[in-house]
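Novice: Below is the structure I would like to discuss, written out as structure tokens.
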Amino acid sequence: MINRIRLQPLVSLKNNLVVGYEALYRKNILAGFPSATTIMRAILRNYRFESQLYINMTPKDPVDPNFAKGFLKALDKMKISERNIVLEFTDNTNPEFITLVKTNI
């Protein structure tokens, strides 16, 4: 799976320095999109980050009752600070679903 993940640098306009990376995983079928935890584990087995890492979530992640606990446990096991991870919804996520999740958090 790691060969399908690309790390896109995020560059500060203030000083032209890389301030983080976005993990890009592209697949034609959204149903086959791996969870944010799976992507994070795959990346962090091969790379270490001093800056932020942005990872897409699937619509299933935030409604999974075990997601947050499992994600934080994986971060702890890999000795990665949760401050260095930013979770975001995939580009294909329905905006109405995002509103629903935000109001139920």
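Following the order of the structure tokens, chains are lettered A, B, ..., residues in each are numbered from 1, and ligands are numbered from 1.
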Need the shell around Glu82 of chain A: protein/DNA/RNA residues with any atom at most 10 Å away, counting only C-alpha atoms. Skip same-chain ones fewer than 5 positions apart. Format as a PDB file with N, CA, C and O atoms, in the first residue's frame?

Specialist:
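See selection.pdb below for the written result:
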ATOM      1  N   GLN A  52       4.230  18.707  10.621  1.00  0.00           N
ATOM      2  CA  GLN A  52       2.895  18.127  10.616  1.00  0.00           C
ATOM      3  C   GLN A  52       2.680  17.204   9.429  1.00  0.00           C
ATOM      4  O   GLN A  52       3.235  17.409   8.357  1.00  0.00           O
ATOM      5  N   LEU A  53       1.850  16.195   9.665  1.00  0.00           N
ATOM      6  CA  LEU A  53       1.458  15.256   8.630  1.00  0.00           C
ATOM      7  C   LEU A  53      -0.067  15.304   8.534  1.00  0.00           C
ATOM      8  O   LEU A  53      -0.766  15.073   9.517  1.00  0.00           O
ATOM      9  N   PHE A  71      -6.614   5.118  16.862  1.00  0.00           N
ATOM     10  CA  PHE A  71      -5.693   6.057  16.218  1.00  0.00           C
ATOM     11  C   PHE A  71      -4.687   6.594  17.228  1.00  0.00           C
ATOM     12  O   PHE A  71      -3.489   6.617  16.985  1.00  0.00           O
ATOM     13  N   LEU A  72      -5.183   7.012  18.402  1.00  0.00           N
ATOM     14  CA  LEU A  72      -4.295   7.538  19.440  1.00  0.00           C
ATOM     15  C   LEU A  72      -3.350   6.458  19.970  1.00  0.00           C
ATOM     16  O   LEU A  72      -2.185   6.730  20.257  1.00  0.00           O
ATOM     17  N   LEU A  75      -0.580   6.131  17.455  1.00  0.00           N
ATOM     18  CA  LEU A  75       0.356   7.255  17.590  1.00  0.00           C
ATOM     19  C   LEU A  75       1.294   7.030  18.769  1.00  0.00           C
ATOM     20  O   LEU A  75       2.508   7.230  18.663  1.00  0.00           O
ATOM     21  N   ASP A  76       0.723   6.615  19.898  1.00  0.00           N
ATOM     22  CA  ASP A  76       1.514   6.379  21.099  1.00  0.00           C
ATOM     23  C   ASP A  76       2.545   5.268  20.865  1.00  0.00           C
ATOM     24  O   ASP A  76       3.710   5.409  21.236  1.00  0.00           O
TER      25      ASP A  76
END

Novice: Smallest atom-to-atom distance to Arg4 of chain A: which of A:Leu17, A:Met57, A:Ile39, A:Ile80, using only C-alpha atoms?

Specialist: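 The answer is A:Ile39, which sits nearest to Arg4 of chain A.
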
Novice: Rank nothing, just name the residue among A:Leu7, A:Ala68, A:Val19, A:Ala74 nearest to Glu50 of chain A, using only C-alpha atoms.

Specialist: A:Val19

Novice: Give me, as an NGL selection string, all polymer residues having an atom no more than 12 Å from Pro9 of chain A, counting only C-alpha atoms and skipping those fewer than 4 positions away in the same chain.

Specialist: :A and (16-24 or 49 or 51-54)
